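Q: Here's a structure for you.
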Amino acid sequence: MQGSCNLWNKACIKMASNTTVLNDIDENFLLCSICLEQFKDPKLLPCLHRFCSVCLETLIGKAGEKLKCPLCQQTIVVPEDGFKTDFYVNSIIEYVHFKKSLKSEIIKKCYGCTLDLAVTAYCFKCNDFLCQNCRDFHMKNNIVKEHCPHVLELCNVADSNLSMAKLDSLKDAPKCHTHPEKVAELCCKSCHSLPICMVCGAFGEHKAHDLQEVTSLANSERKLLADSLGTLMELKEKVYDMPRVMSEKRTQLEGNTRGQEQVIKSQFEKEQMQINREIDKLKNDFKMQKDTQTAILQKEISDNKKELEEKIQMLVVQHEKVCAEKTRSTDKQIKKFQKANEAEIAKRCQQLESLQSLLDEKTKLVKVHQKQSHDNIRELSDYYDNIIKRFQNLTFTASSILTTKHDWTSVQSIPDVIAAIDPLIADTERQFPSFETLGEVIEVDLDAKEATREGIAEKAMSVIKIEGFNSKCHSIQCIRYCKDTAVVAGNIKGEGQTHITTLSAEGKILFQIFFEIFVFLRPTSTCCDVLSEDSIVAACGPNKIAIYDLFEDVPRCTKLMEDVIAYYPVERVVLCVAVHPIKKLVVVGTNSRALYVFNCSLQYMRTVKLPHTVTCSEEIAFKDDNFLICDTMKGRAHAVSVKGCNSRIVYEFTKPREIVDSNCSPCSICVDQNGYIYILWSSYKSHECTCILVGYQPTGGEQLLSRSVDSDASCITTIVTGGEEKLILATSEPGKLYKFHLPLII
C-alpha cells in the first residue's frame, strides 16, 4: 500500500504541470491499493485517498461505524449515505480510455455511417469517431450544430499536445441528476455540488437549496483551495524537517545516557576505593594496637622478673599469679579491639553492598527513563510520518485539481480537499509538551551516604493527630485533599451513620456532614474524591452518589443508581468513586465487575465491564490512560486499559515480598507526580493486622521499595503544598495522619 501511495503522489506531480499531456499519465497510478486493479466507481475518503466502491464496502463491513484508511491510518467516521464518488479520478480514467482508443490498432469505424471510411474526428457529444463526411455534416448542419464545440480533429492531434485541460473543454456538460435528457445548468451546493437542470432548480426538490452557476462557483472554490493550500504550504518546511529533528533527538538521548552512566560508574569506583582504603586502615590500626599491647605486656613481665629475681623462691606463686592476671586482662582487651574492628569492617562491607545496590537502582532508573524517551520518540516519529503522507497526498491532489481548471471537477472535488486541510493543519501545529526534553536523561547522583538507607524507612515523616475524633467511634475509610484542606470520609460506629469531615493542615475539624444509612443486609462504604477546587463527589450509601460544595451540608446534585441505570441489581453496592484528573469523568466502582461512568454533572454516560479476573473495585486511581484498581475480594491490584465500554488487564501488581500470607489484599492506591505508584496492603493473621506501604515503578507493576506502617492504616493519598509533594497516610480508628516527603522511591 505504501508503494501505491508513492505512485499516486508521483502521478499527481506530473499532472500538476501546465504542460501535462495524456502520454504523461501512467495507468498504474489509477490502480486501487486494495485490489491492485484499475479503479471501479472510486470513492473519496476525507483524507483524500480513494478506493473501489466494492473494496471500500468490504472494509466498512469489517470496521463498522469507524474505519482506518489503509494508506495513512487516519480514523474516519463512515457517513450514513456512504462516501462520495471521486469525480476527478473518474474523469482521468475516461481520459486514459480515450488515449488507449487513439493508440489502438483495431480499425475504428464511423459512428454516423456504414461506408467504412477512415475516421478523421471524434465527437465528444456522440462519444464516438466520425469519418470526414460525417464530420462535415456535424460542422454545417443545424440539426447537430451544438456538437461543433465538442468535435476533435484527429489529423491535428498527437499525444504531445493532447492535454487533460483541452479534453475537459471538449467534454459535454453533465446531465441533470433527475432528468438525464436535459443538460445541467445549475449546481446544487446543498447536495454536494449535484448537477441539476433549471426545472429542478425552480420547481423540484432543490428549489429551496443553495443553487449556483457552475463557472462562478468553480472560480470561488478554486480561490478557497488556493488560499487553504497556501496556508498549508507555510508548514511544509516544519513537517519535512521533523524526521531529521527526531533523529537528532534520538542521537542526543543516546549520548546523554552514555555520559550519565559513565558519571555514575566513576562515582561508584571512587567510593569503592575510599571504602577499601578505610578497611585497610582499620586492619593496620588493629595490628599496631595488638603489637603495642603485646610489647607492653612483655616489658612488664620482664620488669617484674628482674625485681623478683632475688625473691624468686619466696614469690614464685605471686609471680605466676600476676603474670596470669595480666595475660587475661590483655587477652580481654585484645578481643575487645578485635570485636570492634570486625564490626567496623562488617559495617563498611555492608555499606559497599548497599552502594552496589544503589548503583543498580540508579542505573535501572536511567534505563527506564531511556526506554520511555525512546517510546515517545518512536510515537512522535510515527505521528509525523503519517502527517507527511497526508501532507503529500493533499498538496498533490489539490495542485492537480487547480491545474485542470475544469469547472465541474473543481466544484465537486475542491470542498472535500478544503475539508481535509483544516484537520491536517491542526494536527501539524499540535504541540507536544515533552518534545524539548526528548533527548535528555534523568539526572541521578550516587551519594555514598544514601547507600546506608534501608528501604524507605529513613524518609522524613511527621504525624498529625485529628482533634475531636473519638477513636472508639470515628473511622476513616477515605482521604483526599482540596488545596491544603483534607477531606476524610468514614463511619460513626454503633450509630448507623457515616461522616465526611473537612480538616485544616493542623488536623482541626473545620466542617462535618453526617448521613443516616440503613443498609440492612447490604454492606456499604463511605468514600469521596475531589471534583474541583471547591467541590467533591461522594458515595453517600450503597446506591447513592452526590456532589457537595465544601463547607455546605446540602448536596448540589444527588443520583440514585437505580434511577439512572437500567437493570441496576438490588444487591449491587457502591464501593468507591474516583474522578479522572484530566477528563473530569466520575467513575463509580462496585462490588461487581461493573464500572459506571458519569460526567462532571453526574449525567450517566456508559457502563464498563472489567475483565473476568477482577471481581470488585474497592478503590480506583488513574495512571496515564490506565485505571489502577484494588480488588480486595481477590487480594489483587491491576492496571486496566479501558476503551469505550471494553477493558483489558495491562499488568498485575506484585504482592509485597515482606508478607508471605497469601490472604493479604490491597486497601488503597495513589500515584505521585513522578509516575511512581503506591499501594497500601494489609494482612490479617491470628487476629493481628500487618500493613505494608509498597512503592512500584511507573509501569509493569514491579515492587521497588516498601516499609511497615501502623496496623490501623486505612488509606493513602498525595498532596502538593509549598511546591513540595507529600504522601499522606490515614489510620482507621485512632485518627492519625502520617505525612511522608516525596518521592519515596528515589
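Naming works like this for the C-alpha cells: A, B, ... for the chains as they're shown, residue 1 at the start of each chain, ligands 1 onward in shown order.
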Hey, what's within 10 Å of range 114-121 of chain A if we count only C-alpha atoms and toss same-chain stuff fewer than 6 positions away? As a PDB file with C-alpha atoms, in the first residue's frame, please?

A:
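To be explicit, this is the file written out as out_36.pdb:
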```pdb
ATOM      1  CA  ILE A 107      -9.883  -0.334 -37.242  1.00  0.00           C
ATOM      2  CA  LYS A 108     -12.083   2.471 -35.993  1.00  0.00           C
ATOM      3  CA  ASP A 128     -17.594   8.084 -30.944  1.00  0.00           C
ATOM      4  CA  PHE A 129     -15.424   8.507 -34.087  1.00  0.00           C
ATOM      5  CA  LEU A 130     -16.544  10.241 -37.350  1.00  0.00           C
ATOM      6  CA  CYS A 131     -15.404   9.975 -40.954  1.00  0.00           C
ATOM      7  CA  GLN A 132     -14.749  13.133 -42.968  1.00  0.00           C
ATOM      8  CA  ASN A 133     -18.290  13.215 -44.434  1.00  0.00           C
ATOM      9  CA  CYS A 134     -19.980  12.855 -41.086  1.00  0.00           C
ATOM     10  CA  ARG A 135     -17.561  15.354 -39.608  1.00  0.00           C
ATOM     11  CA  ASP A 136     -18.558  17.939 -42.298  1.00  0.00           C
ATOM     12  CA  VAL A 151     -15.549  17.742 -32.194  1.00  0.00           C
ATOM     13  CA  LEU A 152     -11.817  16.877 -32.050  1.00  0.00           C
ATOM     14  CA  GLU A 153      -9.842  16.776 -35.328  1.00  0.00           C
ATOM     15  CA  LEU A 154      -7.602  13.691 -35.286  1.00  0.00           C
ATOM     16  CA  CYS A 155      -5.283  14.861 -38.083  1.00  0.00           C
ATOM     17  CA  ASN A 156      -4.022  17.749 -35.957  1.00  0.00           C
ATOM     18  CA  VAL A 157      -3.818  15.795 -32.721  1.00  0.00           C
TER      19      VAL A 157
END
```

Q: Can you tell me, as a tab-separated table (two decimals) with N, CA and C atoms, in the first residue's frame, what residues are no more than 8 Å from Ile414 in chain A when counting only C-alpha atoms, ignoring any on the same chain fewer than 6 positions away?

A:
```tsv
chain	number	residue	atom	x	y	z
A	221	GLU	N	-14.53	28.23	-5.59
A	221	GLU	CA	-13.93	27.07	-4.93
A	221	GLU	C	-12.42	27.02	-5.18
A	222	ARG	N	-12.00	27.35	-6.43
A	222	ARG	CA	-10.56	27.35	-6.73
A	222	ARG	C	-9.83	28.35	-5.85
A	225	LEU	N	-9.52	26.98	-2.35
A	225	LEU	CA	-8.50	25.93	-2.29
A	225	LEU	C	-7.10	26.52	-2.35
A	398	ALA	N	-4.59	18.62	-4.47
A	398	ALA	CA	-5.09	19.99	-4.62
A	398	ALA	C	-4.44	20.68	-5.82
A	401	ILE	N	-5.90	19.37	-9.14
A	401	ILE	CA	-7.26	19.86	-9.40
A	401	ILE	C	-7.23	21.30	-9.85
```

Q: What separation in Å, quoted to one decimal, exists between CA of His474 in chain A and CA of Gln512 in chain A?

A: 12.1 Å

Q: If we count only C-alpha atoms and set the cut-off at 8 Å, which residues sit around range 55-57 of chain A, ignoring sequence neighbours fewer than 4 positions away in its own chain? Please answer as a PDB file with C-alpha atoms, in the first residue's frame.

A:
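File out.pdb, as written:
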```pdb
ATOM      1  CA  ILE A  34      -6.565  -2.853  -2.144  1.00  0.00           C
ATOM      2  CA  CYS A  35      -7.457  -4.940  -5.216  1.00  0.00           C
ATOM      3  CA  LYS A  43     -14.990   6.590  -3.623  1.00  0.00           C
ATOM      4  CA  PHE A  51     -10.609   3.068  -3.271  1.00  0.00           C
ATOM      5  CA  GLY A  61     -18.205  -4.350   6.777  1.00  0.00           C
TER       6      GLY A  61
END
```

Q: Tell me, as a compact mmCIF listing (two decimals) with C-alpha atoms, in the first residue's frame, which residues lie within 9 Å of Arg556 in chain A, counting only C-alpha atoms; anything in the same chain fewer than 4 positions away does not count.

A:
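part_34.txt was written with the following content:
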```
# COMPACT_ATOMS: atom_id res chain seq x y z
CA ALA A 546 -23.79 13.19 45.31
CA ILE A 547 -21.82 16.40 44.63
CA TYR A 548 -21.12 18.69 47.63
CA ASP A 549 -19.64 22.16 47.77
CA GLU A 552 -22.07 23.07 52.56
```

Q: Of the residues A:Ala594, A:Val587, A:Gln333, A:Ala419, which is the one nearest to Leu229 in chain A, using only C-alpha atoms?

A: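 Distance minimum relative to Leu229 in chain A lands on A:Ala419.
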
Q: Go ahead and compute the interatomic distance for CA of Pro423 in chain A and CA of Cys47 in chain A, in Å to one decimal.

A: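 Distance reported for this atom pair: 9.5 Å.
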
Q: Which residues are near Met242 in chain A? Cut-off 8 Å, only C-alpha atoms, ignore same chain within fewer than 4 positions. Put them as a ChimeraX atom specification.

A: /A:238,246,381,384

Q: Mind checking which residues fall within 10 Å of Phe551 in chain A, counting only C-alpha atoms, ignoring those fewer than 6 positions away in the same chain, and posting them as a ChimeraX atom specification?

A: /A:501-502,510-513,534-535

Q: For the residues in the current selection, export C-alpha atoms as a CSV table (one decimal), in the first residue's frame.

A:
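Below is the file that was written, out-v7.csv:
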```
chain,number,residue,atom,x,y,z
A,501,THR,CA,-15.1,15.7,57.6
A,502,THR,CA,-13.1,18.7,56.4
A,510,LEU,CA,-13.5,22.7,60.1
A,511,PHE,CA,-16.8,21.2,58.9
A,512,GLN,CA,-18.7,17.9,59.1
A,513,ILE,CA,-21.6,16.2,57.2
A,534,ASP,CA,-14.3,23.8,45.9
A,535,SER,CA,-16.4,20.7,45.4
```

Q: If you run DSSP on this backbone, which residues of range 138-220 of chain A come out as strand (DSSP E or B), and could you give them as a list in words?

A: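 The strand (DSSP E or B) residues within range 138-220 of chain A come out as Val151, Leu152, Glu153, Lys175, Val183, Leu186, Cys187, Cys188, Leu194, Pro195, Ile196, Leu211 and Gln212 of chain A.
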
Q: How many Å lie between CA of Thr590 in chain A and CA of Ala539 in chain A, rounded to one decimal?

A: 10.9 Å
